[in-house]
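Report on the following structure.
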Protein chains: 2
Amino acid sequence: MHDDRREGATVDATTRPTLESVAQRAGVSRQTVSNVLNAPHLVRAETTDRVRAAIDALGYRPSSAARQLRTGRSRVLGLRLEPVHDGINGAVLDRFLHALTESAQARGYRVMLFTAPDDDREIAQYGELLDTADLDAFVLTSTHRDDRRAAWLAERDVPFVTFGRPWDPPGDDRPAHPWVDVDGAAGTRAAVDHLRRLGHERIAYLGWPDGSDVGEDRASGWAAAMVDAGHDGGLLRRLHARVPDGVAAGAQATERVLADASPTAVVCASDSLALGALTVARTHGTSLAVVGFDDTPVAAAVGLTSVAQPLTEAAHRTLDLLLDQLDGTGGTRSREVLLAPHLVERASSRTP
Amino acid sequence: MHDDRREGATVDATTRPTLESVAQRAGVSRQTVSNVLNAPHLVRAETTDRVRAAIDALGYRPSSAARQLRTGRSRVLGLRLEPVHDGINGAVLDRFLHALTESAQARGYRVMLFTAPDDDREIAQYGELLDTADLDAFVLTSTHRDDRRAAWLAERDVPFVTFGRPWDPPGDDRPAHPWVDVDGAAGTRAAVDHLRRLGHERIAYLGWPDGSDVGEDRASGWAAAMVDAGHDGGLLRRLHARVPDGVAAGAQATERVLADASPTAVVCASDSLALGALTVARTHGTSLAVVGFDDTPVAAAVGLTSVAQPLTEAAHRTLDLLLDQLDGTGGTRSREVLLAPHLVERASSRTP
DNA sequence: AGTTGCGATTGGAACGCTCAAACGGATGCC
DNA sequence: GGCATCCGTTTGAGCGTTCCAATCGCAACT
C-alpha cells in the first residue's frame with residue numbers, strides 16, 4: 001500500500017480535501033462523513049470503517065472556519081496577557097499559561113491571546129473577540145474586588161472560569177461563577193508547620209500592606225498556625241511586617257523585625273520578599289530560616305524553600321470547569337476548586 | 001440622537017448584524033458594504049458615509065469565520081510555547097510573547113498558541129494548524145543548527161519569521177528566510193566597554209560550554225573587546241570560564257577564575273551565572289564587578305547590571321517582516337534584522 | 001397485504017463573507 | 001446619434017461545514 005493521496009476522482013493534488021471529496025471516495029454522502037466525525041452512533045460500523053479509511057487516505061482535516069461559521073463555535077479560548085510584570089513573581093501567570101495551553105491542546109481547544117491595559121478595555125476586547133472571532137470561552141486571571149469582568153460575561157452567558165476566587169464580600173449580590181484558586185492560607189500554614197518541625201518557635205511573617213486579598217489570605221494562614229502553636233496576640237503583631245513587594249523592602253523589613261522580635265525564621269508572601277530576607281540572613285551571618293512563596297525560578301536558583309502553587313493542576317481543573325460549560329457534560333462536579341499548594345524544601349529553611 | 005440599535009427593518013435585537021442587515025439599513029447592497037470595509041477607494045464618499053453610519057448604528061463587526069472561509073486567511077499568527085523553562089532566563093521568551101501579542105493586536109492580528117515537545121511535533125502542529133485553522137503565519141523561536149522547521153515552512157510557502165538568526169554554517173544550501181535577532185556580541189562588548197570605563201582591566205567571562213551558538217556569539221563579543229583593549233591570548237584563555245548555566249555553577253566557576261586569574265570584573269552569559277558570581281563577590285567581600293545578560297526580573301531585584309535585549313522592538317520588527325509577507329506591501333525593507341542590546345547599569349558593576 | 005416504526009443515509013438549505021462578472025448611467029468621442 | 005469608456009454599484013455563486021426534513025430499506029405488527 002503505497003502512499004498515494006491523490007486518487008480521488010475530481011480531486012487534484014493542490015486542493016485541500018473536503019467532506020465532499022472524502023464522501024466521494026468512500027461512496028457515501030457528505031453528511032455521512034460528517035456524522036462519522038461528529039455523531040458516530042448514527043452510522044453503521046461498516047460504513048464508519050470505509051469513511052475512516054477515506055479520511056486517512058486523503059489526509060482530510062475539517063476546516064474550523066466552515067465549522068465555526070455553521071455552528072458558531074470555534075474551540076478557541078481567550079486569555080488576557082497582562083502587562084509585563086515587574087518583580088520576580090510575575091512568572092506565575094506565565095507558567096499557568098503554559099499549562100493551560102497544553103491542557104487545552106490535549107482536549108482539542110486552542111488558546112488565543114489578547115492584551116488590555118485595564119478591566120474596561122479587557123471587557124471591550126471580550127466584545128470584539130466574541131463578535132469577530134466567536135471565541136467559546138474566556139479564562140480570567142487576577143480577580144479582585146469589584147471585578148466587573150465576571151458580571152459582564154455572565155450577563156451575556158459567555159462561559160468562563162476565573163483563576164482566582166471571587167474576592168467580593170459575601171453580602172454582595174454578584175452571581176456565583178466557577179473558579180479555580182490556590183489556597184494561600186494553607187500554603188503559609190504548611191510553611192509554619194515545616195519550620196516548627198525543624199524546631200522554630202518565633203516565626204515571623206513578611207507580608208504586603210493591607211488591601212490585597214491574596215495578601216490577607218496568605219497572612220491568615222500564618223497567623224492561624226501561630227495561634228494554634230499557642231502564640232499570643234501581642235507577640236504575633238510584632239512578628240508581622242507589612243511592606244510593599246520587592247527585594248530591598250524585604251531586606252529592610254527583615255532587619256526591623258529581627259531587631260524588634262528576634263525571630264529565628266520568617267515566612268514571606270512572595271519570593272521577592274524572601275530573597276530580601278535571605279540576603280540579610282546570609283550577609284549578617286544571622287541564623288534565620290526563610291520560606292518564600294510561589295516557587296519562582298529564582299527560588300530554585302538560590303536555594304530558597306518556597307510554597308509552590310500547583311499550576312499544572314490549576315490549569316487542568318480550569319479546563320475541566322470550562323468544558324463542563326461548553327460540552328454541557330458535567331454539572332455534577334463542584335464549580336469551585338481550591339487547590340492546596342505544597343512546600344518545596346531547599347537550603348534556606350535548613351539553617352544550621 | 002438616542003441609542004436605538006434595533007431599528008433595522010427585518011433585524012431583531014438578538015441577531016448579530018451582518019453585511020446584509022447593514023446594507024439594508026444603508027439602502028445599498030451587501031457588496032458595497034463589504035467594499036467600504038475592504039476596498040474604500042471603490043465607493044463614492046457619500047455612500048461611504050451612509051454605510052459607515054449604518055455600521056456604527058448597528059454595531060456591526062465582520063465575522064472572521066465567514067471571511068476566513070471565503071478568503072483562506074485568518075489574521076492569526078501561530079507561536080509555539082516551549083516547555084516550561086527552568087532557570088532564570090526562560091522568562092525572555094515570555095516577555096517576547098507579551099510584546100508580540102501587543103504588537104499583533106495593534107495591527108489587527110491575533111496570536112494563537114500551541115505546544116510541542118520537539119521540532120518534529122512542532123512541524124506536525126504546523127500542518128494541523130494550517131489545515132484546520134488556516135493560520136496565516138508563524139513565529140519561530142529558539143533557532144538552532146539543523147533546524148528543519150524553517151525549511152518545512154518555506155517549502156510550503158507559509159510565511160514565517162524566526163526570532164533568532166539561522167545558525168547553520170554559511171556553506172549550507174538552506175534558503176534564506178527573514179529573521180530578527182539580538183546581537184549578543186554587541187551586548188558583551190558593551191559590558192566590557194562599560195567596565196573598562198570604570199577602570200577595570202582584567203575582565204573575566206563566564207560562558208557556557210561549547211556547542212551553543214548563542215553562547216559563542218556572546219563570548220565572541222567579550223573576546224573581541226578584550227583583544228581591542230590589548231589583552232594577550234594566554235591571559236584571555238585563563239579569564240574565560242565555560243560552565244553549564246546555573247547559579248551554583250556560576251559561583252564555583254567564579255571562585256576558580258578568581259583564584260587563577262584574579263579578575264576585578266566578570267561578564268556573564270546569563271543572569272543565572274551572574275547571580276552565582278554576585279553571591280561569591282558579596283559573601284567573600286571580594287571587590288568584583290558583575291554584569292549579567294538578559295536583564296531578567298532577578299537582575300532588577302538584586303541590583304545586577306545586565307545586558308537587556310530590546311524585546312519590544314524585536315517583537316515589533318518581527319511583525320513588520322511578517323506583514324511584509326502577508327500584505328505584500330514591503331519587499332524593500334531588509335529581511336534580516338539584528339538589534340543591539342543595551343546595558344542596564346545597577347549596583348553590581350559599581351564596585352567601590 | 002397494508003401499515004407502522006425504526007435505523008441508516010441523503011439532499012437541500014443556510015451560516016456570512018468575498019470573488020468575478022454583469023450592469024446602469026454618465027461622459028467622451030467620432 | 002451611435003458607440004466605446006469609465007465609475008460606482010449590484011447580482012450570482014461558492015467557500016466547507018452542520019442543521020433539518022425527507023427518504024429509503026427492512027422488520028415487525030396488525
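Naming works like this for the C-alpha cells: A, B, ... for the chains as they're shown, residue 1 at the start of each chain, ligands 1 onward in shown order.
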
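Within 6 Å of chain A, chain B contributes the residues B:Pro62, B:Ser63, B:Ser64, B:Ala65, B:Ala66, B:Leu69, B:Gly87, B:Ile88, B:Val111, B:Met112, B:Leu113, B:Thr132, B:Ala133, B:Val247, B:Pro297, B:Ala301, using only C-alpha atoms.
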
Can you write just those residues out, C-alpha atoms, as a PDB file, in the first residue's frame?
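Heads up, here's the output in again-v2.pdb:
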```pdb
ATOM      1  CA  PRO B  62     -17.399  41.320  10.411  1.00  0.00           C
ATOM      2  CA  SER B  63     -17.375  37.617  11.156  1.00  0.00           C
ATOM      3  CA  SER B  64     -13.868  36.370  10.787  1.00  0.00           C
ATOM      4  CA  ALA B  65     -15.108  32.827  10.315  1.00  0.00           C
ATOM      5  CA  ALA B  66     -17.020  33.782   7.198  1.00  0.00           C
ATOM      6  CA  LEU B  69     -13.868  30.597   4.830  1.00  0.00           C
ATOM      7  CA  GLY B  87      16.390  28.602  35.466  1.00  0.00           C
ATOM      8  CA  ILE B  88      16.026  32.286  35.463  1.00  0.00           C
ATOM      9  CA  VAL B 111      -1.611  35.232  18.414  1.00  0.00           C
ATOM     10  CA  MET B 112      -2.618  31.618  18.861  1.00  0.00           C
ATOM     11  CA  LEU B 113      -0.534  29.332  21.000  1.00  0.00           C
ATOM     12  CA  THR B 132      -7.790  23.258  10.296  1.00  0.00           C
ATOM     13  CA  ALA B 133      -7.317  26.813  11.452  1.00  0.00           C
ATOM     14  CA  VAL B 247      23.647  29.830  39.915  1.00  0.00           C
ATOM     15  CA  PRO B 297      13.461  40.378  36.767  1.00  0.00           C
ATOM     16  CA  ALA B 301      15.631  42.655  42.097  1.00  0.00           C
TER      17      ALA B 301
END
```

All residues 10 Å or closer to DG12 of chain D, only C-alpha atoms (C1' of nucleotides), same chain fewer than 5 positions away omitted, as a compact mmCIF listing (two decimals) with N, CA, C and O atoms (P, O5', C5', C4', C3', O3' and C1' of nucleotides), in the first residue's frame:
```
# COMPACT_ATOMS: atom_id res chain seq x y z
P DA C 20 -11.19 36.92 -8.41
O5' DA C 20 -12.36 36.84 -9.48
C5' DA C 20 -13.09 35.63 -9.61
C4' DA C 20 -14.27 35.85 -10.50
C3' DA C 20 -13.97 36.72 -11.72
O3' DA C 20 -14.48 36.06 -12.87
C1' DA C 20 -15.83 37.59 -10.53
P DA C 21 -14.26 36.71 -14.32
O5' DA C 21 -15.73 37.19 -14.69
C5' DA C 21 -16.82 36.31 -14.41
C4' DA C 21 -18.09 37.11 -14.44
C3' DA C 21 -18.23 38.01 -15.66
O3' DA C 21 -19.47 37.75 -16.28
C1' DA C 21 -18.69 39.21 -13.68
P DA C 22 -19.89 38.45 -17.65
O5' DA C 22 -21.15 39.30 -17.20
C5' DA C 22 -22.14 38.66 -16.38
C4' DA C 22 -23.04 39.74 -15.81
C3' DA C 22 -23.57 40.71 -16.88
O3' DA C 22 -24.95 40.86 -16.67
C1' DA C 22 -22.54 41.90 -15.10
```

Near segment 153-164 of chain A, within 8 Å and counting only C-alpha atoms (C1' of nucleotides), which residues show up once chain neighbours fewer than 2 positions away are dropped, as a ChimeraX atom specification? /A:136-143,149-151,166,177-182,314,318,321-322,325-326

May I have the residues of chain C within 10 Å of chain B, counting only C-alpha atoms (C1' of nucleotides), written as a list in words? DC15, DG16, DC17, DT18 and DC19 of chain C

Residues of segment 146-346 of chain A in strand (DSSP E) according to DSSP, as a ChimeraX atom specification? /A:160-163,179-182,203-207,240-242,265-268,289-293,305-308,336-339,342-344

Among segment 157-316 of chain A, which residues carry a DSSP assignment of alpha helix (DSSP H), reported as a PyMOL selection string? chain A and resi 184-197+213-228+233-239+247-261+271-283+297-302+311-316

So that I can see what lies close to DC7 of chain D, please list as a ChimeraX atom specification the residues with an atom at most 10 Å from it, counting only C-alpha atoms (C1' of nucleotides) and leaving out residues fewer than 2 positions away in the same chain. /B:42-44 /C:25-26 /D:5,9

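Contacts from chain D to chain B at a cut-off of 8 Å (only C-alpha atoms (C1' of nucleotides)) map to DG8, DT9, DT10, DC15 and DG16 of chain D.
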